[in-house]
$ cat protein-v9.cif   # mmCIF, C-alpha atoms
data_work
loop_
_atom_site.group_PDB
_atom_site.id
_atom_site.type_symbol
_atom_site.label_atom_id
_atom_site.label_comp_id
_atom_site.auth_asym_id
_atom_site.auth_seq_id
_atom_site.Cartn_x
_atom_site.Cartn_y
_atom_site.Cartn_z
ATOM 1 C CA PHE K 1 121.744 107.447 122.183
ATOM 2 C CA PHE K 2 123.888 109.527 119.906
ATOM 3 C CA CYS K 3 127.217 107.858 119.194
ATOM 4 C CA GLU K 4 130.265 110.087 119.476
ATOM 5 C CA VAL K 5 132.851 108.972 116.951
ATOM 6 C CA GLY K 6 135.937 111.114 117.379
ATOM 7 C CA SER K 7 135.997 114.814 118.097
ATOM 8 C CA GLY K 8 134.758 117.764 116.129
ATOM 9 C CA ARG K 9 131.078 116.847 116.196
ATOM 10 C CA ASN K 10 130.052 120.012 114.349
ATOM 11 C CA ASN K 11 132.231 119.189 111.333
ATOM 12 C CA ARG K 12 130.234 116.113 110.294
ATOM 13 C CA GLU K 13 127.232 116.085 107.959
ATOM 14 C CA TYR K 14 125.404 113.573 110.156
ATOM 15 C CA GLU K 15 125.433 111.909 113.549
ATOM 16 C CA LYS K 16 124.953 108.220 114.273
ATOM 17 C CA LEU K 17 122.049 107.240 116.468
ATOM 18 C CA ALA K 18 122.104 103.918 118.343
ATOM 19 C CA ILE K 19 118.692 102.328 118.956
ATOM 20 C CA PHE K 20 118.428 99.297 121.240
ATOM 21 C CA GLY K 21 115.648 96.785 121.853
ATOM 22 C CA GLU K 22 113.608 94.175 120.050
ATOM 23 C CA VAL K 23 113.368 94.352 116.245
ATOM 24 C CA ARG K 24 109.842 95.844 116.242
ATOM 25 C CA ALA K 25 110.669 98.551 118.787
ATOM 26 C CA ARG K 26 113.936 99.429 117.018
ATOM 27 C CA ARG K 27 112.200 99.674 113.660
ATOM 28 C CA GLY K 28 109.410 101.868 114.987
ATOM 29 C CA ALA K 29 111.915 104.263 116.557
ATOM 30 C CA GLU K 30 114.128 104.270 113.456
ATOM 31 C CA LEU K 31 111.258 105.128 111.109
ATOM 32 C CA LYS K 32 109.944 107.863 113.421
ATOM 33 C CA VAL K 33 113.399 109.477 113.537
ATOM 34 C CA LEU K 34 113.798 109.037 109.763
ATOM 35 C CA SER K 35 110.472 110.805 109.216
ATOM 36 C CA ALA K 36 111.672 113.771 111.291
ATOM 37 C CA VAL K 37 115.022 113.867 109.460
ATOM 38 C CA GLU K 38 113.272 113.788 106.069
ATOM 39 C CA THR K 39 111.197 116.804 107.150
ATOM 40 C CA LYS K 40 114.360 118.740 108.029
ATOM 41 C CA VAL K 41 116.490 117.444 105.115
ATOM 42 C CA PRO K 42 114.197 116.656 102.147
ATOM 43 C CA GLY K 43 115.617 113.936 99.889
ATOM 44 C CA TYR K 44 117.692 112.245 102.607
ATOM 45 C CA TYR K 45 115.558 109.086 102.527
ATOM 46 C CA ASP K 46 116.118 108.694 98.766
ATOM 47 C CA LYS K 47 119.865 108.433 99.382
ATOM 48 C CA ILE K 48 119.549 105.620 101.947
ATOM 49 C CA LYS K 49 116.263 103.899 101.074
ATOM 50 C CA ASP K 50 117.793 100.587 99.941
ATOM 51 C CA GLU K 51 119.752 100.261 103.188
ATOM 52 C CA VAL K 52 116.717 101.223 105.289
ATOM 53 C CA ASN K 53 114.303 98.894 103.496
ATOM 54 C CA GLU K 54 116.635 95.885 103.774
ATOM 55 C CA ARG K 55 117.654 96.394 107.415
ATOM 56 C CA ASP K 56 116.568 93.585 109.783
ATOM 57 C CA ARG K 57 114.985 91.556 106.937
ATOM 58 C CA GLY K 58 113.980 88.128 108.254
ATOM 59 C CA LYS K 59 115.113 88.876 111.818
ATOM 60 C CA ASP K 60 111.927 87.985 113.690
ATOM 61 C CA GLU K 61 110.526 84.738 115.035
ATOM 62 C CA THR K 62 108.624 84.079 111.774
ATOM 63 C CA GLY K 63 111.623 84.815 109.559
ATOM 64 C CA THR K 64 109.412 87.017 107.337
ATOM 65 C CA TRP K 65 110.192 90.438 108.879
ATOM 66 C CA GLY K 66 110.659 93.181 106.311
ATOM 67 C CA THR K 67 109.611 96.585 105.037
ATOM 68 C CA ASP K 68 107.338 97.435 102.098
ATOM 69 C CA THR K 69 106.647 100.871 100.645
ATOM 70 C CA MET K 70 103.932 102.823 98.832
ATOM 71 C CA THR K 71 104.443 106.259 97.252
ATOM 72 C CA PHE K 72 101.763 108.969 97.425
ATOM 73 C CA GLN K 73 100.894 112.282 95.831
ATOM 74 C CA ASP K 74 100.434 115.351 98.088
ATOM 75 C CA ASP K 75 96.630 115.082 98.373
ATOM 76 C CA GLU K 76 96.754 111.316 98.987
ATOM 77 C CA LEU K 77 99.398 111.705 101.664
ATOM 78 C CA SER K 78 97.416 114.154 103.777
ATOM 79 C CA TYR K 79 94.342 111.903 103.548
ATOM 80 C CA ALA K 80 96.331 108.762 104.424
ATOM 81 C CA LEU K 81 97.933 110.518 107.390
ATOM 82 C CA GLY K 82 94.634 111.828 108.751
ATOM 83 C CA LYS K 83 93.993 114.508 111.337
ATOM 84 C CA GLN K 84 96.905 114.493 113.801
ATOM 85 C CA GLY K 85 98.059 111.162 112.333
ATOM 86 C CA GLY K 86 94.821 109.446 113.323
ATOM 87 C CA THR K 87 94.432 107.408 110.140
ATOM 88 C CA ARG K 88 98.043 106.231 110.323
ATOM 89 C CA LYS K 89 97.577 105.143 113.948
ATOM 90 C CA LYS K 90 94.364 103.267 113.100
ATOM 91 C CA LEU K 91 96.077 101.479 110.201
ATOM 92 C CA GLU K 92 98.916 100.528 112.520
ATOM 93 C CA ARG K 93 96.621 99.183 115.240
ATOM 94 C CA SER K 94 94.273 97.301 112.935
ATOM 95 C CA SER K 95 96.969 95.689 110.762
ATOM 96 C CA GLY K 96 99.594 95.022 113.424
ATOM 97 C CA SER K 97 102.230 96.585 111.149
ATOM 98 C CA ILE K 98 104.457 99.578 111.848
ATOM 99 C CA VAL K 99 103.185 102.339 109.551
ATOM 100 C CA GLN K 100 105.247 105.504 109.106
ATOM 101 C CA TYR K 101 105.420 108.201 106.441
ATOM 102 C CA VAL K 102 108.815 109.422 105.281
ATOM 103 C CA GLY K 103 108.317 112.226 102.822
ATOM 104 C CA HIS K 104 105.786 110.961 100.256
ATOM 105 C CA VAL K 105 106.514 107.311 101.010
ATOM 106 C CA ALA K 106 104.590 105.100 103.410
ATOM 107 C CA LEU K 107 106.697 102.381 105.000
ATOM 108 C CA PHE K 108 105.105 99.226 106.401
ATOM 109 C CA SER K 109 107.294 97.091 108.660
ATOM 110 C CA GLY K 110 106.510 93.761 110.238
ATOM 111 C CA SER K 111 105.961 90.149 109.281
ATOM 112 C CA LYS K 112 104.804 89.399 105.748
ATOM 113 C CA GLU K 113 101.195 88.918 106.882
ATOM 114 C CA VAL K 114 100.874 92.236 108.749
ATOM 115 C CA ARG K 115 102.551 94.145 105.902
ATOM 116 C CA ARG K 116 100.100 92.610 103.426
ATOM 117 C CA ARG K 117 97.187 93.550 105.670
ATOM 118 C CA ALA K 118 98.423 97.143 106.131
ATOM 119 C CA LYS K 119 98.806 97.666 102.368
ATOM 120 C CA GLU K 120 95.358 96.200 101.770
ATOM 121 C CA TYR K 121 93.787 98.536 104.362
ATOM 122 C CA MET K 122 95.675 101.489 102.862
ATOM 123 C CA LYS K 123 94.247 100.698 99.421
ATOM 124 C CA TRP K 124 90.735 100.815 100.901
ATOM 125 C CA LEU K 125 91.297 104.533 101.596
ATOM 126 C CA PHE K 126 91.557 105.349 97.880
#

$ encode --input "protein-v9.cif" --output "structure tokens"
Amino acid sequence: FFCEVGSGRNNREYEKLAIFGEVRARRGAELKVLSAVETKVPGYYDKIKDEVNERDRGKDETGTWGTDTMTFQDDELSYALGKQGGTRKKLERSSGSIVQYVGHVALFSGSKEVRRRAKEYMKWLF
């Protein structure tokens, strides 16, 4: 849901988006939206990356929930993404982590164990 805060919606540089649900579902939706925003407004993620990476830290049943990142070059990114995002989806399924690309940065969200596994699998690609 988009949150209306006051009037004059067209005068603001951004809109707030409210995402509801469990921590994993919220994070997956947030990173997917962030990826789309970064495509439309390159450099946006760099401005808010600390806030994004720290959000929901430790807020799962294991207390180890968090987000890790890896930065890629252009050629590495297209290979890591795969045809129609196939490689990304396979990494996500096999590791149990949320895997999303925002610009040239891969973000891995989940418990410490699934993030470790996702980064390990990603390194196997190169």

$ atom_distance --input "protein-v9.cif" --atom1 "atom CA of K:Val33" --atom2 "atom CA of K:Thr62"
25.9 Å

$ atom_distance --input "protein-v9.cif" --atom1 "atom CA of K:Arg26" --atom2 "atom CA of K:Tyr44"
19.6 Å

$ residues_around --input "protein-v9.cif" --residues "K:Ile98" --least-positions-apart "6" --cutoff "6 Å" --atoms "only C-alpha atoms" --output "list in words"
Glu92, Phe108 and Ser109 of chain K

$ write_last_selection --input "protein-v9.cif" --atoms "C-alpha atoms" --output "short mmCIF file (atom, residue, chain, number, x, y, z; two decimals), keeping the file's coordinate frame"
data_model
loop_
_atom_site.label_atom_id
_atom_site.label_comp_id
_atom_site.auth_asym_id
_atom_site.auth_seq_id
_atom_site.Cartn_x
_atom_site.Cartn_y
_atom_site.Cartn_z
CA GLU K 92 98.92 100.53 112.52
CA PHE K 108 105.10 99.23 106.40
CA SER K 109 107.29 97.09 108.66
#

$ closest_residue --input "protein-v9.cif" --among "K:Arg27, K:Gly103, K:Asp68, K:Leu125" --to "K:Gly82" --atoms "only C-alpha atoms"
K:Leu125

$ closest_residue --input "protein-v9.cif" --among "K:Lys119, K:His104, K:Lys40, K:Arg57" --to "K:Asp75" --atoms "only C-alpha atoms"
K:His104

$ axis_aligned_box --input "protein-v9.cif" --around "stretch 64-82 of chain K" --padding-each-side "3 Å" --output "AutoDock Vina command-line options"
--center_x 102.5 --center_y 101.2 --center_z 102.4 --size_x 22.3 --size_y 34.3 --size_z 19.0

$ resolve_selection --input "protein-v9.cif" --expression "the PyMOL selection byres ((chain K and resi 60) around 12)" --output "PyMOL selection string"
chain K and resi 22-25+27+55-59+61-66+109-112

$ decode --input "protein-v9.cif" --residues "stretch 83-96 of chain K" --atoms "all heavy atoms" --output "short mmCIF file (atom, residue, chain, number, x, y, z; two decimals), in the first residue's frame"
data_model
loop_
_atom_site.label_atom_id
_atom_site.label_comp_id
_atom_site.auth_asym_id
_atom_site.auth_seq_id
_atom_site.Cartn_x
_atom_site.Cartn_y
_atom_site.Cartn_z
N LYS K 83 19.71 -16.25 -17.31
CA LYS K 83 18.64 -16.00 -18.28
C LYS K 83 17.31 -15.89 -17.55
O LYS K 83 16.93 -16.80 -16.81
CB LYS K 83 18.59 -17.13 -19.30
CG LYS K 83 17.62 -16.89 -20.41
CD LYS K 83 17.68 -18.01 -21.43
CE LYS K 83 16.68 -17.76 -22.54
NZ LYS K 83 16.73 -18.84 -23.53
N GLN K 84 16.65 -14.75 -17.72
CA GLN K 84 15.37 -14.45 -17.08
C GLN K 84 15.42 -14.65 -15.56
O GLN K 84 14.44 -15.05 -14.95
CB GLN K 84 14.25 -15.29 -17.69
CG GLN K 84 14.01 -14.98 -19.14
CD GLN K 84 12.88 -15.81 -19.74
OE1 GLN K 84 12.46 -16.82 -19.18
NE2 GLN K 84 12.40 -15.38 -20.89
N GLY K 85 16.57 -14.37 -14.96
CA GLY K 85 16.72 -14.48 -13.51
C GLY K 85 16.80 -15.91 -13.00
O GLY K 85 16.69 -16.15 -11.81
N GLY K 86 17.04 -16.85 -13.90
CA GLY K 86 17.06 -18.26 -13.52
C GLY K 86 18.12 -18.62 -12.50
O GLY K 86 17.84 -19.37 -11.55
N THR K 87 19.32 -18.08 -12.65
CA THR K 87 20.39 -18.39 -11.70
C THR K 87 20.07 -17.82 -10.33
O THR K 87 20.27 -18.48 -9.30
CB THR K 87 21.74 -17.83 -12.21
OG1 THR K 87 21.98 -18.36 -13.52
CG2 THR K 87 22.88 -18.21 -11.29
N ARG K 88 19.54 -16.61 -10.29
CA ARG K 88 19.15 -16.00 -9.02
C ARG K 88 18.09 -16.85 -8.31
O ARG K 88 18.19 -17.12 -7.12
CB ARG K 88 18.59 -14.59 -9.25
CG ARG K 88 18.19 -13.89 -7.95
CD ARG K 88 17.36 -12.64 -8.19
NE ARG K 88 16.07 -12.92 -8.75
CZ ARG K 88 15.01 -13.36 -8.04
NH1 ARG K 88 15.12 -13.57 -6.74
NH2 ARG K 88 13.86 -13.59 -8.63
N LYS K 89 17.10 -17.30 -9.06
CA LYS K 89 16.03 -18.12 -8.48
C LYS K 89 16.56 -19.45 -7.96
O LYS K 89 16.15 -19.93 -6.90
CB LYS K 89 14.93 -18.36 -9.51
CG LYS K 89 14.16 -17.10 -9.87
CD LYS K 89 13.20 -17.34 -11.02
CE LYS K 89 12.60 -16.05 -11.51
NZ LYS K 89 11.83 -16.25 -12.75
N LYS K 90 17.50 -20.05 -8.69
CA LYS K 90 18.10 -21.32 -8.23
C LYS K 90 18.91 -21.12 -6.96
O LYS K 90 18.87 -21.94 -6.04
CB LYS K 90 18.97 -21.92 -9.33
CG LYS K 90 18.19 -22.47 -10.50
CD LYS K 90 19.11 -22.94 -11.60
CE LYS K 90 18.33 -23.34 -12.83
NZ LYS K 90 19.21 -23.67 -13.96
N LEU K 91 19.67 -20.01 -6.90
CA LEU K 91 20.43 -19.70 -5.69
C LEU K 91 19.50 -19.51 -4.50
O LEU K 91 19.78 -19.98 -3.40
CB LEU K 91 21.25 -18.42 -5.88
CG LEU K 91 22.53 -18.54 -6.69
CD1 LEU K 91 23.05 -17.15 -7.06
CD2 LEU K 91 23.57 -19.31 -5.93
N GLU K 92 18.39 -18.84 -4.74
CA GLU K 92 17.42 -18.58 -3.69
C GLU K 92 16.81 -19.89 -3.17
O GLU K 92 16.74 -20.12 -1.97
CB GLU K 92 16.32 -17.67 -4.25
CG GLU K 92 15.65 -16.80 -3.25
CD GLU K 92 14.77 -15.76 -3.91
OE1 GLU K 92 13.91 -16.10 -4.74
OE2 GLU K 92 14.94 -14.57 -3.56
N ARG K 93 16.40 -20.75 -4.10
CA ARG K 93 15.79 -22.02 -3.70
C ARG K 93 16.77 -22.93 -2.99
O ARG K 93 16.44 -23.54 -1.97
CB ARG K 93 15.22 -22.74 -4.93
CG ARG K 93 13.81 -22.35 -5.26
CD ARG K 93 13.17 -23.31 -6.24
NE ARG K 93 13.97 -23.60 -7.42
CZ ARG K 93 13.93 -22.91 -8.55
NH1 ARG K 93 13.13 -21.87 -8.66
NH2 ARG K 93 14.68 -23.25 -9.57
N SER K 94 17.97 -23.05 -3.52
CA SER K 94 18.93 -24.00 -2.96
C SER K 94 19.51 -23.54 -1.61
O SER K 94 19.80 -24.37 -0.76
CB SER K 94 20.07 -24.27 -3.95
OG SER K 94 20.78 -23.08 -4.23
N SER K 95 19.65 -22.24 -1.42
CA SER K 95 20.24 -21.74 -0.17
C SER K 95 19.20 -21.47 0.91
O SER K 95 19.52 -21.49 2.09
CB SER K 95 21.03 -20.45 -0.44
OG SER K 95 20.15 -19.39 -0.77
N GLY K 96 17.98 -21.17 0.50
CA GLY K 96 16.95 -20.79 1.46
C GLY K 96 16.98 -19.31 1.79
O GLY K 96 16.19 -18.83 2.61
#
